[in-house]
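See below for the structure under consideration.
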Amino acid sequence: MAKKCICEICTCGRHRCPHRPKAPRAVGPCTVSEYAEKYPGHHVNGLRKSFKPSQAVVKGTSPLSDATTNRVDYMPHQVERVSVRAPEQYKKVPGNMDLLTSYIKDYPQKQAPPVKSMRSFEKHVPAGDFKGVPTYIDDYRRWSLPTKDNGPAQHHYVPPSAPFDGMSTFNRDYQAKRVPMRESMRPAESTQMSSAPLDDKTSHKVDFIPHAAQPRYVHQPLPYQKNRAPFDGLTTVQRDFTGKRASLPPNFRPDQTPVHSNQPFNDETTSRRDYPRWEASPPQFRAQQAWVQPQGNMDLATTARLAFPAHSVQPVKPAGPVRRARSAEVPFDDRTNYNHDYRKWSSRPERRGNPNEKLYERPNVPFEGSTDYRAQFVPKQALVPPSCAPSNRPNLSGDPFDDRTMYKLDYIPKEAPPCPAINLPVNGYRFQKVDSKGHEVWMRNGVNGVMERSIFTPPEKIDLALA
């Protein structure tokens, strides 16, 4: 009999063995899996030799040569000193320089009277002399300070005794040189005319002689002749590919009907089995002691109060001069430029409208509640014009709805066999053991599918925490 675990017996993919996380692990991956059965491992002789070049440094046995391309191609030669051409001595051009320019010709100097100033020369001279000491002179007095030494004696400029010759140091050191203009290498731009006649013969005129063209041949179209044979409406596709009637292929899709079981639902999970609820006593809280007021009075003296006691000190007197306030006996002059320029005039508002019409008099009759607008403009009910837009109502049909789809026609439901791992004892399996990986190993019972008692411990009573 072959021994299989629940992972191998299950056909629906919803049943797995309860793997023990605290079990001792063996070296290597778990061998009981679908992947290990379909893809067995193969022995490899070793890694292939890499085609990548080696990174080792290649060293040569010959000594390093210092001969470079520059040293081989460019040999050192003896260099002679370049001869320097002595400049010619400057000779002053005879005659005087004409300083007349186009600006001096166009804009000659003219004598114009000075511009009169827009500012008045009248000065306001006070009637009497000011007698008193200003605040600035009284506050900032002049002190008798010793004179400051200005340093060594400065040399005074002594003009030369010789007359000025008009030559500056720059003109004497940097004299202008006149160099004759070189002959231009550019060809002359004058047009060169030839006396020979123009030769207009070309290769095309010499090689291709014009000939008279022949009249063009016009092809006469053939008259249309109607076909007397009857029209055959079959196409090549309709003639070659005729419809064949065949039965529907079998559907390989499993049945969608749920699998029901009469056994009660087992709500026991791994978490509930591994972490049972323990009875715990309620926590004990320590009773807080009542506050008792200490005896005696509190000393409110701080370090700042002891170190910095308060002293009665008079306020500091200002060092500036005493400014006397103006007497309040003089009345305040509220005249301003604005009040003087913009005076208030006694004027009346102008009457608007036609002066010949009478003024509006309020009627003594009470208001009826109807205005001229309401009396003249009576609301009327207008007919709503019919809309030209198409109706958005759906077009309903009295025929029954055809819910046939390609999926329903192609995939016929079939009944799938129930998974044998739902109830292993009823399906003829006998429990054997739980290996070190946590797989429950079951074996098929060959005695008419009847469950037999085993000497091993059933999986329900195995403590996974101690394993």
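Residues are referred to by chain and number: the chain letter is A, B, ... according to the order shown in the structure tokens, the number counts from 1 in that chain, and ligands are numbered separately from 1 in the order shown.
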
**Study point:** Per-residue DSSP, segment 246-293 of chain A, filtered to helix (DSSP H, G or I), as a PyMOL selection string
**Key:** chain A and resi 270-274

Mind writing the picked residues with all heavy atoms as a compact mmCIF listing (two decimals), in the first residue's frame?
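Once written, selection.txt looks like this:
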# COMPACT_ATOMS: atom_id res chain seq x y z
N THR A 270 -5.80 26.28 14.15
CA THR A 270 -4.45 26.11 14.72
C THR A 270 -4.20 27.11 15.84
O THR A 270 -3.57 26.79 16.86
CB THR A 270 -3.40 26.29 13.62
OG1 THR A 270 -3.75 25.45 12.52
CG2 THR A 270 -2.02 25.93 14.11
N SER A 271 -4.71 28.31 15.68
CA SER A 271 -4.50 29.33 16.71
C SER A 271 -5.27 28.98 17.99
O SER A 271 -4.76 29.16 19.10
CB SER A 271 -4.95 30.69 16.19
OG SER A 271 -4.81 31.68 17.18
N ARG A 272 -6.51 28.48 17.83
CA ARG A 272 -7.28 28.10 19.02
C ARG A 272 -6.68 26.89 19.71
O ARG A 272 -6.72 26.79 20.94
CB ARG A 272 -8.72 27.81 18.63
CG ARG A 272 -9.49 29.04 18.13
CD ARG A 272 -10.91 28.67 17.77
NE ARG A 272 -11.63 29.86 17.28
CZ ARG A 272 -12.90 29.80 16.87
NH1 ARG A 272 -13.57 28.64 16.88
NH2 ARG A 272 -13.49 30.91 16.43
N ARG A 273 -6.07 25.97 18.94
CA ARG A 273 -5.49 24.77 19.56
C ARG A 273 -4.15 25.09 20.22
O ARG A 273 -3.81 24.56 21.28
CB ARG A 273 -5.33 23.69 18.50
CG ARG A 273 -4.80 22.37 19.06
CD ARG A 273 -4.85 21.25 18.04
NE ARG A 273 -4.03 21.52 16.88
CZ ARG A 273 -4.51 21.84 15.69
NH1 ARG A 273 -5.83 21.92 15.51
NH2 ARG A 273 -3.70 22.09 14.67
N ASP A 274 -3.33 26.00 19.59
CA ASP A 274 -2.02 26.31 20.15
C ASP A 274 -2.08 27.33 21.27
O ASP A 274 -1.27 27.28 22.21
CB ASP A 274 -1.10 26.84 19.03
CG ASP A 274 -0.85 25.79 17.97
OD1 ASP A 274 -1.15 24.61 18.24
OD2 ASP A 274 -0.35 26.15 16.87

Exercise for review: Write out as a ChimeraX atom specification the residues lying within 10 Å of Gln263 of chain A, counting only C-alpha atoms and excluding same-chain residues fewer than 3 positions away.
Suggested key: /A:260,266,423

Any chance you can output those residues with N, CA and C atoms as a PDB file, in the first residue's frame?
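Written output follows (out39.pdb):
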ATOM      1  N   HIS A 260     -21.693  19.344  -0.485  1.00  0.00           N
ATOM      2  CA  HIS A 260     -22.309  19.407   0.837  1.00  0.00           C
ATOM      3  C   HIS A 260     -21.897  18.176   1.639  1.00  0.00           C
ATOM      4  N   ASN A 266     -16.305  21.796  11.853  1.00  0.00           N
ATOM      5  CA  ASN A 266     -15.260  21.813  12.882  1.00  0.00           C
ATOM      6  C   ASN A 266     -14.600  23.191  12.868  1.00  0.00           C
ATOM      7  N   ASN A 423     -13.120  13.720   4.320  1.00  0.00           N
ATOM      8  CA  ASN A 423     -13.292  12.770   5.448  1.00  0.00           C
ATOM      9  C   ASN A 423     -12.485  11.526   5.114  1.00  0.00           C
TER      10      ASN A 423
END

Point to revise | Atom pair atom CA of Pro418 of chain A / atom CA of Cys10 of chain A: separation (Å) | key: 9.9 Å

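The gap separating atom CA of Ser261 of chain A from atom CA of Ala421 of chain A is 12.5 Å, in Å to one decimal.
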